[in-house]
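S.K.: Pasting upload_5.txt here (compact mmCIF, C-alpha atoms and all ligand atoms):
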```txt
# COMPACT_ATOMS: atom_id res chain seq x y z
CA MET B 14 26.99 -5.10 -2.77
CA LYS B 15 24.54 -4.61 0.06
CA ILE B 16 21.05 -4.37 -1.40
CA GLY B 17 18.18 -2.94 0.64
CA ILE B 18 14.59 -3.83 -0.20
CA LEU B 19 11.60 -1.80 0.99
CA GLY B 20 9.21 -4.61 1.86
CA ALA B 21 9.81 -8.24 2.79
CA GLY B 22 7.20 -10.22 0.88
CA GLN B 23 7.65 -13.03 -1.64
CA LEU B 24 9.08 -10.71 -4.30
CA GLY B 25 11.82 -9.54 -1.94
CA ARG B 26 12.40 -13.16 -0.94
CA MET B 27 12.87 -14.28 -4.55
CA MET B 28 15.09 -11.27 -5.36
CA ALA B 29 17.38 -12.22 -2.48
CA ILE B 30 17.46 -15.90 -3.47
CA SER B 31 18.56 -14.87 -6.97
CA GLY B 32 21.09 -12.32 -5.71
CA TYR B 33 23.15 -14.43 -3.28
CA PRO B 34 25.03 -16.35 -6.02
CA LEU B 35 26.16 -12.93 -7.33
CA ASN B 36 27.73 -12.25 -3.92
CA HIS B 37 25.19 -9.63 -2.86
CA GLN B 38 23.86 -9.27 0.67
CA PHE B 39 20.30 -8.27 1.51
CA GLY B 40 18.39 -6.23 4.05
CA PHE B 41 14.66 -5.64 4.26
CA SER B 42 12.34 -3.17 5.94
CA GLY B 43 8.97 -4.48 7.04
CA ASN B 44 6.48 -4.86 9.81
CA SER B 45 7.31 -8.21 11.30
CA SER B 46 9.98 -10.85 11.45
CA SER B 47 7.54 -13.45 10.13
CA GLU B 48 7.34 -11.95 6.63
CA PRO B 49 8.42 -14.18 3.68
CA ALA B 50 11.85 -12.53 3.23
CA ALA B 51 12.62 -11.95 6.91
CA LEU B 52 15.02 -14.87 7.37
CA LEU B 53 16.91 -14.18 4.14
CA GLY B 54 18.91 -11.21 5.35
CA HIS B 55 18.94 -8.34 7.81
CA MET B 56 15.34 -7.63 8.74
CA PHE B 57 14.65 -4.13 10.04
CA THR B 58 11.32 -3.93 11.82
CA GLN B 59 12.06 -1.24 14.38
CA GLU B 60 10.50 2.19 14.49
CA ASN B 61 13.37 3.72 12.47
CA ASN B 62 13.62 0.78 10.07
CA ILE B 63 14.05 2.96 6.95
CA GLU B 64 16.99 4.74 8.56
CA TYR B 65 18.59 1.41 9.50
CA LEU B 66 18.03 0.06 5.99
CA THR B 67 19.57 3.21 4.47
CA ASN B 68 22.63 2.85 6.72
CA PHE B 69 22.96 -0.82 5.73
CA ALA B 70 22.53 -0.57 1.95
CA ASP B 71 24.65 0.51 -1.05
CA VAL B 72 21.53 0.59 -3.22
CA ILE B 73 17.83 0.27 -2.47
CA THR B 74 14.86 -1.10 -4.39
CA TYR B 75 11.21 -1.75 -3.55
CA GLU B 76 8.78 -4.59 -4.13
CA SER B 77 5.53 -2.61 -4.37
CA GLU B 78 4.29 0.38 -6.38
CA ASN B 79 2.44 1.44 -3.24
CA THR B 80 5.73 2.50 -1.65
CA ASP B 81 5.57 6.09 -0.32
CA VAL B 82 7.25 8.45 -2.83
CA GLU B 83 8.22 10.84 -0.01
CA VAL B 84 10.13 8.02 1.74
CA VAL B 85 11.98 7.24 -1.48
CA LYS B 86 12.80 10.92 -2.02
CA LYS B 87 14.32 11.10 1.45
CA ILE B 88 16.38 7.91 1.01
CA ASN B 89 17.61 9.13 -2.38
CA LYS B 90 19.53 11.95 -0.70
CA ASN B 91 21.88 9.34 0.79
CA VAL B 92 21.51 6.11 -1.17
CA ARG B 93 20.27 5.58 -4.75
CA VAL B 94 16.84 4.02 -5.08
CA TYR B 95 15.96 2.16 -8.29
CA PRO B 96 13.56 2.20 -10.16
CA SER B 97 13.42 6.01 -10.24
CA GLU B 98 11.08 8.16 -8.17
CA LYS B 99 9.41 9.06 -11.45
CA SER B 100 8.57 5.40 -12.19
CA LEU B 101 7.08 5.03 -8.73
CA PHE B 102 5.09 8.29 -8.87
CA ILE B 103 3.55 7.41 -12.24
CA THR B 104 2.84 3.73 -11.71
CA GLN B 105 1.13 4.14 -8.33
CA HIS B 106 -1.71 6.13 -9.90
CA ARG B 107 -3.84 4.73 -12.75
CA GLY B 108 -4.61 8.24 -14.05
CA ARG B 109 -0.95 9.25 -14.30
CA GLU B 110 -0.15 5.91 -15.92
CA LYS B 111 -2.86 6.33 -18.56
CA ALA B 112 -1.81 9.94 -19.24
CA LEU B 113 1.73 8.69 -19.97
CA PHE B 114 0.40 5.96 -22.31
CA GLU B 115 -1.53 8.64 -24.22
CA GLN B 116 1.42 11.00 -24.32
CA LEU B 117 3.60 8.23 -25.80
CA ASN B 118 0.90 7.06 -28.27
CA ILE B 119 0.56 3.68 -26.57
CA PRO B 120 -2.99 2.35 -27.11
CA CYS B 121 -5.09 1.97 -23.94
CA ALA B 122 -8.81 1.95 -23.05
CA PRO B 123 -10.61 5.33 -23.03
CA TYR B 124 -10.72 6.68 -19.47
CA GLN B 125 -11.71 9.57 -17.27
CA ILE B 126 -10.73 10.59 -13.72
CA ILE B 127 -13.67 10.52 -11.29
CA ASN B 128 -13.94 12.67 -8.17
CA SER B 129 -17.72 13.01 -7.85
CA LEU B 130 -20.98 11.34 -8.82
CA ALA B 131 -21.46 14.08 -11.42
CA ASP B 132 -18.04 13.22 -12.93
CA LEU B 133 -19.08 9.57 -13.13
CA LYS B 134 -22.42 10.28 -14.83
CA GLN B 135 -20.71 12.53 -17.35
CA ALA B 136 -17.94 9.94 -17.98
CA VAL B 137 -20.48 7.13 -18.51
CA SER B 138 -22.30 9.21 -21.10
CA LYS B 139 -19.01 9.84 -22.90
CA ILE B 140 -17.32 6.41 -22.61
CA GLY B 141 -20.49 4.25 -22.73
CA LEU B 142 -21.33 0.98 -20.98
CA PRO B 143 -20.11 -1.53 -19.98
CA ALA B 144 -17.25 0.22 -18.27
CA ILE B 145 -15.03 -0.47 -15.26
CA LEU B 146 -14.66 1.87 -12.31
CA LYS B 147 -11.31 1.38 -10.51
CA THR B 148 -9.71 3.15 -7.57
CA ALA B 149 -6.91 5.38 -8.85
CA THR B 150 -4.43 4.01 -6.32
CA GLU B 151 -3.77 0.84 -4.32
CA GLY B 152 -5.92 -1.56 -6.34
CA TYR B 153 -4.46 -5.02 -6.92
CA ASP B 154 -5.71 -8.54 -7.66
CA GLY B 155 -9.00 -7.05 -8.90
CA LYS B 156 -9.68 -5.23 -5.61
CA GLY B 157 -11.33 -1.80 -5.76
CA GLN B 158 -13.10 -2.47 -9.06
CA PHE B 159 -16.75 -2.30 -10.17
CA VAL B 160 -18.03 -3.31 -13.61
CA ILE B 161 -20.91 -1.00 -14.53
CA ARG B 162 -23.29 -2.67 -16.97
CA SER B 163 -26.33 -0.38 -16.75
CA ASP B 164 -27.16 3.22 -15.76
CA ALA B 165 -29.00 1.83 -12.72
CA GLN B 166 -25.63 0.74 -11.24
CA ILE B 167 -23.90 4.13 -11.42
CA GLU B 168 -24.70 5.23 -7.86
CA GLU B 169 -23.84 1.84 -6.36
CA ALA B 170 -20.53 1.83 -8.25
CA PHE B 171 -19.69 5.33 -7.03
CA ALA B 172 -20.55 4.40 -3.43
CA SER B 173 -18.33 1.29 -3.63
CA MET B 174 -15.26 3.52 -4.09
CA ASN B 175 -15.83 4.95 -0.55
CA GLY B 176 -14.90 8.47 -1.63
CA ALA B 177 -11.53 7.40 -3.09
CA GLU B 178 -10.40 9.04 -6.31
CA SER B 179 -11.16 6.65 -9.15
CA ILE B 180 -10.96 6.18 -12.89
CA LEU B 181 -13.64 4.99 -15.32
CA GLU B 182 -12.33 2.85 -18.15
CA GLY B 183 -14.10 1.64 -21.27
CA PHE B 184 -14.60 -2.14 -21.26
CA VAL B 185 -12.18 -3.90 -23.60
CA ASN B 186 -13.39 -7.04 -25.40
CA PHE B 187 -10.09 -8.80 -25.33
CA LYS B 188 -9.21 -12.23 -26.75
CA ARG B 189 -6.43 -12.92 -24.28
CA GLU B 190 -4.53 -11.21 -21.48
CA LEU B 191 -0.81 -10.98 -22.05
CA SER B 192 2.09 -9.39 -20.23
CA LEU B 193 5.58 -8.34 -21.13
CA ILE B 194 8.53 -7.99 -18.78
CA ALA B 195 11.58 -5.94 -19.69
CA VAL B 196 14.65 -4.78 -17.84
CA ARG B 197 16.86 -1.73 -18.32
CA GLY B 198 20.35 -1.55 -16.85
CA LEU B 199 22.38 1.38 -15.58
CA ASP B 200 24.42 1.05 -18.80
CA ASN B 201 21.15 1.69 -20.74
CA ASP B 202 21.01 -1.91 -22.02
CA HIS B 203 17.42 -3.15 -22.58
CA LYS B 204 16.31 -6.78 -22.53
CA TYR B 205 12.86 -8.28 -23.11
CA TYR B 206 11.26 -11.55 -22.08
CA PRO B 207 8.78 -13.19 -24.45
CA LEU B 208 5.12 -12.20 -24.19
CA VAL B 209 3.25 -14.55 -21.85
CA GLU B 210 -0.44 -15.44 -21.57
CA ASN B 211 -2.19 -14.95 -18.23
CA THR B 212 -5.43 -16.47 -16.91
CA HIS B 213 -7.14 -14.86 -13.92
CA HIS B 214 -9.90 -16.16 -11.65
CA GLN B 215 -11.81 -13.74 -9.43
CA GLY B 216 -9.22 -11.06 -10.19
CA ILE B 217 -6.23 -13.21 -9.14
CA LEU B 218 -3.62 -14.57 -11.55
CA ARG B 219 -3.82 -18.37 -11.59
CA LEU B 220 -1.89 -19.53 -14.65
CA THR B 221 0.82 -18.12 -16.91
CA ILE B 222 1.92 -19.81 -20.13
CA ALA B 223 5.32 -18.72 -21.41
CA PRO B 224 5.90 -17.87 -24.15
CA ALA B 225 2.30 -17.06 -25.12
CA GLN B 226 1.42 -19.32 -28.04
CA ALA B 227 0.66 -18.17 -31.60
CA ILE B 228 2.17 -14.72 -31.22
CA ASP B 229 3.15 -13.05 -34.48
CA PRO B 230 6.75 -11.78 -34.21
CA GLU B 231 5.41 -8.34 -35.18
CA VAL B 232 3.17 -8.37 -32.08
CA GLN B 233 6.16 -9.20 -29.85
CA LYS B 234 8.05 -6.35 -31.54
CA THR B 235 5.20 -3.89 -31.00
CA ALA B 236 4.96 -4.79 -27.30
CA GLU B 237 8.73 -4.36 -26.96
CA GLN B 238 8.51 -0.92 -28.60
CA TYR B 239 5.80 0.13 -26.12
CA ILE B 240 7.79 -0.97 -23.10
CA GLN B 241 11.05 0.48 -24.41
CA THR B 242 9.36 3.86 -24.82
CA LEU B 243 8.06 3.62 -21.24
CA LEU B 244 11.43 2.53 -19.79
CA ASP B 245 13.16 5.47 -21.45
CA ALA B 246 10.43 8.04 -20.65
CA MET B 247 10.60 7.19 -16.93
CA ASP B 248 14.38 6.73 -16.92
CA HIS B 249 13.54 3.38 -15.37
CA ILE B 250 16.29 1.14 -13.97
CA GLY B 251 15.34 -2.45 -13.18
CA VAL B 252 12.41 -4.60 -14.24
CA LEU B 253 9.20 -3.08 -15.64
CA THR B 254 6.06 -5.08 -16.44
CA ILE B 255 3.19 -4.14 -18.74
CA GLU B 256 -0.13 -5.98 -18.75
CA LEU B 257 -1.80 -6.04 -22.15
CA PHE B 258 -5.08 -6.98 -23.78
CA GLU B 259 -4.87 -8.78 -27.12
CA THR B 260 -7.81 -7.56 -29.22
CA ASP B 261 -8.96 -7.88 -32.85
CA ASN B 262 -7.40 -4.47 -33.41
CA GLY B 263 -4.03 -5.24 -31.85
CA LEU B 264 -2.55 -4.74 -28.41
CA MET B 265 -3.83 -2.36 -25.73
CA VAL B 266 -1.92 -1.68 -22.54
CA ASN B 267 -3.95 -2.17 -19.35
CA GLU B 268 -1.47 -1.20 -16.64
CA MET B 269 2.15 -1.42 -15.61
CA ALA B 270 4.19 -2.31 -12.53
CA PRO B 271 7.67 -0.94 -11.71
CA ARG B 272 8.88 -4.27 -10.40
CA VAL B 273 9.23 -8.00 -10.83
CA HIS B 274 5.81 -9.45 -11.50
CA ASN B 275 3.82 -12.59 -10.72
CA SER B 276 3.54 -13.29 -14.48
CA GLY B 277 7.35 -13.51 -14.63
CA HIS B 278 7.84 -16.18 -11.97
CA TRP B 279 8.10 -18.86 -14.72
CA SER B 280 11.49 -17.35 -15.64
CA ILE B 281 13.19 -18.88 -12.55
CA GLU B 282 13.45 -22.25 -14.33
CA GLY B 283 12.12 -21.24 -17.76
CA ALA B 284 14.60 -18.58 -18.91
CA ASN B 285 18.38 -18.27 -19.08
CA THR B 286 18.21 -15.47 -16.49
CA SER B 287 15.22 -14.99 -14.19
CA GLN B 288 13.39 -11.68 -13.85
CA PHE B 289 14.62 -11.53 -10.22
CA GLU B 290 18.27 -11.95 -11.11
CA ASN B 291 17.98 -9.41 -13.93
CA HIS B 292 16.39 -6.85 -11.62
CA ILE B 293 19.23 -7.32 -9.14
CA ARG B 294 21.84 -7.17 -11.92
CA ALA B 295 20.26 -3.95 -13.26
CA ILE B 296 20.21 -2.05 -9.96
CA SER B 297 23.69 -3.23 -8.95
CA ASN B 298 25.25 -2.10 -12.25
CA MET B 299 26.05 -5.59 -13.54
CA PRO B 300 25.57 -6.59 -17.19
CA LEU B 301 22.04 -7.90 -17.85
CA GLY B 302 21.54 -11.62 -18.42
CA ASP B 303 20.03 -13.33 -21.44
CA THR B 304 16.22 -13.46 -21.32
CA THR B 305 15.64 -16.27 -23.83
CA SER B 306 13.36 -19.09 -22.68
CA THR B 307 15.13 -22.37 -22.14
CA HIS B 308 12.14 -24.58 -23.00
CA ALA B 309 9.51 -24.49 -25.73
CA PHE B 310 6.87 -24.17 -22.99
CA SER B 311 6.86 -23.03 -19.41
CA ALA B 312 3.90 -22.62 -17.12
CA MET B 313 3.42 -21.06 -13.71
CA ILE B 314 0.54 -22.04 -11.44
CA ASN B 315 -0.13 -19.92 -8.37
CA ILE B 316 -0.87 -21.73 -5.11
CA ILE B 317 -3.72 -19.72 -3.61
CA GLY B 318 -5.31 -19.97 -0.17
CA LYS B 319 -4.47 -23.63 0.56
CA LEU B 320 -1.24 -25.54 -0.04
CA GLY B 321 -2.95 -28.55 -1.67
CA PRO B 322 -1.21 -31.80 -2.76
CA ILE B 323 2.33 -30.39 -2.96
CA GLU B 324 3.94 -33.88 -2.67
CA ARG B 325 2.63 -34.52 -6.17
CA VAL B 326 4.64 -31.56 -7.47
CA LEU B 327 7.81 -32.88 -5.86
CA LYS B 328 7.42 -36.22 -7.67
CA MET B 329 7.19 -34.63 -11.12
CA PRO B 330 10.53 -34.38 -12.97
CA ASN B 331 9.60 -31.17 -14.76
CA ALA B 332 7.82 -29.31 -11.94
CA HIS B 333 9.43 -26.96 -9.42
CA LEU B 334 7.87 -25.92 -6.14
CA HIS B 335 8.36 -22.42 -4.74
CA LEU B 336 6.82 -21.69 -1.34
CA TYR B 337 6.85 -18.30 0.36
CA ASP B 338 6.77 -19.30 4.07
CA LYS B 339 3.21 -18.04 4.53
CA THR B 340 0.31 -19.56 6.45
CA GLU B 341 -2.87 -20.61 4.64
CA ARG B 342 -5.53 -17.93 4.24
CA ALA B 343 -8.26 -17.43 1.63
CA LYS B 344 -7.03 -15.72 -1.58
CA ARG B 345 -3.46 -15.49 -0.26
CA LYS B 346 -0.57 -16.23 -2.62
CA LEU B 347 1.30 -19.01 -0.75
CA GLY B 348 3.64 -20.10 -3.51
CA HIS B 349 3.80 -21.16 -7.11
CA ILE B 350 4.68 -24.16 -9.26
CA ASN B 351 6.82 -23.81 -12.37
CA ILE B 352 6.57 -26.38 -15.12
CA THR B 353 8.94 -26.76 -18.04
CA ALA B 354 8.05 -28.80 -21.14
CA ASN B 355 9.32 -29.29 -24.64
CA SER B 356 6.02 -30.05 -26.35
CA GLN B 357 2.40 -28.94 -26.05
CA LYS B 358 1.53 -32.55 -25.22
CA ALA B 359 4.01 -32.66 -22.32
CA LEU B 360 2.73 -29.30 -21.04
CA ASP B 361 -0.92 -30.43 -21.22
CA PHE B 362 -0.06 -33.67 -19.41
CA SER B 363 1.68 -31.76 -16.58
CA LEU B 364 -1.17 -29.27 -16.25
CA GLN B 365 -3.58 -32.20 -16.07
CA GLN B 366 -1.58 -33.69 -13.17
CA LEU B 367 -1.72 -30.36 -11.34
CA GLN B 368 -5.35 -29.47 -11.96
CA ASP B 369 -6.11 -29.57 -8.20
CA PHE B 370 -4.16 -26.30 -7.99
CA LEU B 371 -6.29 -24.59 -10.64
CA PRO B 372 -9.86 -23.25 -10.35
CA GLN B 373 -12.43 -25.39 -12.15
P1 LIG H 401 -6.36 -4.61 -13.26
O1 LIG H 401 -6.36 -4.45 -11.78
O2 LIG H 401 -6.42 -3.30 -14.00
O3 LIG H 401 -5.23 -5.50 -13.75
O4 LIG H 401 -7.70 -5.42 -13.60
C1 LIG H 401 -7.94 -6.74 -13.17
C2 LIG H 401 -8.59 -7.55 -14.26
O5 LIG H 401 -9.84 -6.95 -14.65
C3 LIG H 401 -7.77 -7.60 -15.56
O6 LIG H 401 -6.80 -8.61 -15.48
C4 LIG H 401 -8.85 -7.88 -16.59
O7 LIG H 401 -9.23 -9.24 -16.56
C5 LIG H 401 -10.03 -7.08 -16.08
N1 LIG H 401 -10.04 -5.72 -16.68
C6 LIG H 401 -9.39 -4.63 -16.20
N2 LIG H 401 -9.60 -3.56 -16.99
C7 LIG H 401 -10.41 -3.94 -17.97
C8 LIG H 401 -11.01 -3.28 -19.09
N3 LIG H 401 -10.80 -1.96 -19.32
N4 LIG H 401 -11.82 -4.00 -19.89
C9 LIG H 401 -12.05 -5.32 -19.67
N5 LIG H 401 -11.54 -6.00 -18.63
C10 LIG H 401 -10.72 -5.34 -17.78
```
Using structure tokens, write down the structure that the file contains.
M.R.:
Amino acid sequence: MKIGILGAGQLGRMMAISGYPLNHQFGFSGNSSSEPAALLGHMFTQENNIEYLTNFADVITYESENTDVEVVKKINKNVRVYPSEKSLFITQHRGREKALFEQLNIPCAPYQIINSLADLKQAVSKIGLPAILKTATEGYDGKGQFVIRSDAQIEEAFASMNGAESILEGFVNFKRELSLIAVRGLDNDHKYYPLVENTHHQGILRLTIAPAQAIDPEVQKTAEQYIQTLLDAMDHIGVLTIELFETDNGLMVNEMAPRVHNSGHWSIEGANTSQFENHIRAISNMPLGDTTSTHAFSAMINIIGKLGPIERVLKMPNAHLHLYDKTERAKRKLGHINITANSQKALDFSLQQLQDFLPQ
């Protein structure tokens, strides 16, 4: 099949890499021929790039929840776009996302939509402090967020949103941050990866451990029930990710993404079928692949800003380097390293060898 991807970043790049062995071909729409996926297929950068991509493709997907819903609606008249318009519409707005969690009885932090300073003052008095103010749309990697710790910060927090619609969320005292990736096929098959544990630094994911350790099977089951309910409610085809907080009172869902996710990159070498391949299988109407992890432990370390001592990675038997063809720039995701290990000791030893890639 010819698969079109709206966007040509590292997620599109890794989707294409996983799709070629299945005999698929790829096309991308983007801004420039120097984007990470540009050399992996037909790259449409012209003025009418969406039209060209639509003419090229049998099916289209996207790599960002910030994709314009109107564009997807238009494409859908000629070529199917997966995940559904509904998934995209809901997941690109934190308020709509939270409303769906509530409607489906999925626990999440208390929240209120903010459109004015008066809204914010009223929400703070109801939700209490500390609380987090987030832009309703287009926030990622911790951007567009303000933690309000005292009443004195309310005006500053409101001003920092620059007039954008926002959402105030109660602060969750979590023990760990987890995420769950699932995939739903056109034949309505559902598959789930194991819960993984994520560590962030300055709002950016730095380390994923897969599977997350010391997870009660009931907790895995609960997370799978939440995501299954969401997949079905949105009639979602492809990969869906939920980010969760593990608390003393169980799991709470933070947010979701209608796409392959940074916390699933470990699955390239760490699972029987990677998240990328399963997304491609789902949207191209192929049977889904097994999601079981192939090693007792996998880890994924993001390479951020600077490449660092990558020769060291290449010398390690159980480490795998993935670069995205990007130039160095502060806070930029340039690549990642996957580690596989069969004991905690082996994992710790590998992480120790790669500590230059992790924040102190
Ligand atoms: P987000 O963009 O919603 O994923 O938020 C980025 C990071 O901020 C999360 O990974 C958490 O570490 C933290 N965070 C977000 N929301 C909350 C919350 N309601 N309570 C506590 N920490 C949060």
S.K.: If you count only C-alpha atoms and all ligand atoms, which residues end up within 10 Å of ligand LIG 401 (chain H), as a VMD selection string?
M.R.: chain B and resid 107 121 to 124 143 to 148 151 to 160 181 to 187 189 to 191 211 to 218 255 to 258 265 to 269
S.K.: For atom CA of B:Gly25 and atom CA of B:Ile180, quote the distance in Å rounded to one decimal.
M.R.: 29.8 Å
S.K.: To one decimal place, how far is atom CA of B:Thr58 from atom CA of B:Ala21 in Å?
M.R.: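 Separation of atom CA of B:Thr58 and atom CA of B:Ala21: 10.1 Å.
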S.K.: What gap, in Å, lies between atom CA of B:Glu324 and atom CA of B:Tyr337?
M.R.: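 Taking atom CA of B:Glu324 and atom CA of B:Tyr337, their separation equals 16.1 Å.
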S.K.: So which one's closest to B:Ser287, B:Leu371, B:Val252, B:Leu53, B:Ala343? Using only C-alpha atoms, please.
M.R.: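 Looking only at the distances to B:Ser287, the closest residue turns out to be B:Val252.
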S.K.: So, counting only C-alpha atoms, which residue among B:Leu301, B:Ile352, B:Ala270, B:Met247 is closest to B:Leu327?
M.R.: B:Ile352
S.K.: From the set B:Gly251, B:Tyr75, B:Thr221, B:Pro120, which residue has the shortest atom-to-atom contact distance to B:Ile293, counting only C-alpha atoms?
M.R.: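 The closest residue to B:Ile293 is B:Gly251.
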S.K.: So for stretch 27-40 of chain B, what box centre and size do we get, axis-aligned, 5 Å extra on each of the six sides, every listed atom, Å to one decimal, as JSON?
M.R.:
```
{"center_x": 20.3, "center_y": -11.3, "center_z": -1.6, "size_x": 24.9, "size_y": 20.1, "size_z": 21.4}
```
S.K.: Check the smallest atom-to-atom distance from each of B:Thr80, B:Gln116, B:Thr74, B:Asn298 to B:Tyr239 using all atoms listed in the file, then report the winner.
M.R.: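 Of all the options, B:Gln116 lies closest to B:Tyr239.
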S.K.: Go through B:Val196, B:Val137, B:Val72, B:Val209 one by one, measure the shortest atom-to-atom distance of each to B:Ser306 using only C-alpha atoms, and give the residue with the smallest value.
M.R.: B:Val209
S.K.: Can you pull out the residues contacting B:Gly283? Cut-off 10 Å, using all atoms listed in the file, and skip same-chain residues under 2 positions away; I want them as number ranges by chain.
M.R.: B: 223-224, 277-281, 285-287, 304-313, 351-354
S.K.: May I have the residues within 7 Å of stretch 59-66 of chain B as a CSV table (one decimal) with C-alpha atoms, in the coordinates of the input, using only C-alpha atoms and disregarding those fewer than 5 positions away in the same chain?
M.R.:
```
chain,number,residue,atom,x,y,z
B,17,GLY,CA,18.2,-2.9,0.6
B,40,GLY,CA,18.4,-6.2,4.0
B,41,PHE,CA,14.7,-5.6,4.3
B,42,SER,CA,12.3,-3.2,5.9
```
S.K.: Any idea what's packed within 8 Å of B:Val92, counting only C-alpha atoms, ignoring anything in its chain fewer than 4 positions away? Could you give it as number ranges by chain?
M.R.: B: 67, 70-73, 88
S.K.: Can those selected residues be exported to a file as an mmCIF file, in the coordinates of the input so that it contains C-alpha atoms?
M.R.:
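Wrote selection-v4.cif, looks like this:
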```cif
data_model
loop_
_atom_site.group_PDB
_atom_site.id
_atom_site.type_symbol
_atom_site.label_atom_id
_atom_site.label_comp_id
_atom_site.auth_asym_id
_atom_site.auth_seq_id
_atom_site.Cartn_x
_atom_site.Cartn_y
_atom_site.Cartn_z
ATOM 1 C CA THR B 67 19.570 3.210 4.470
ATOM 2 C CA ALA B 70 22.530 -0.570 1.950
ATOM 3 C CA ASP B 71 24.650 0.510 -1.050
ATOM 4 C CA VAL B 72 21.530 0.590 -3.220
ATOM 5 C CA ILE B 73 17.830 0.270 -2.470
ATOM 6 C CA ILE B 88 16.380 7.910 1.010
#
```
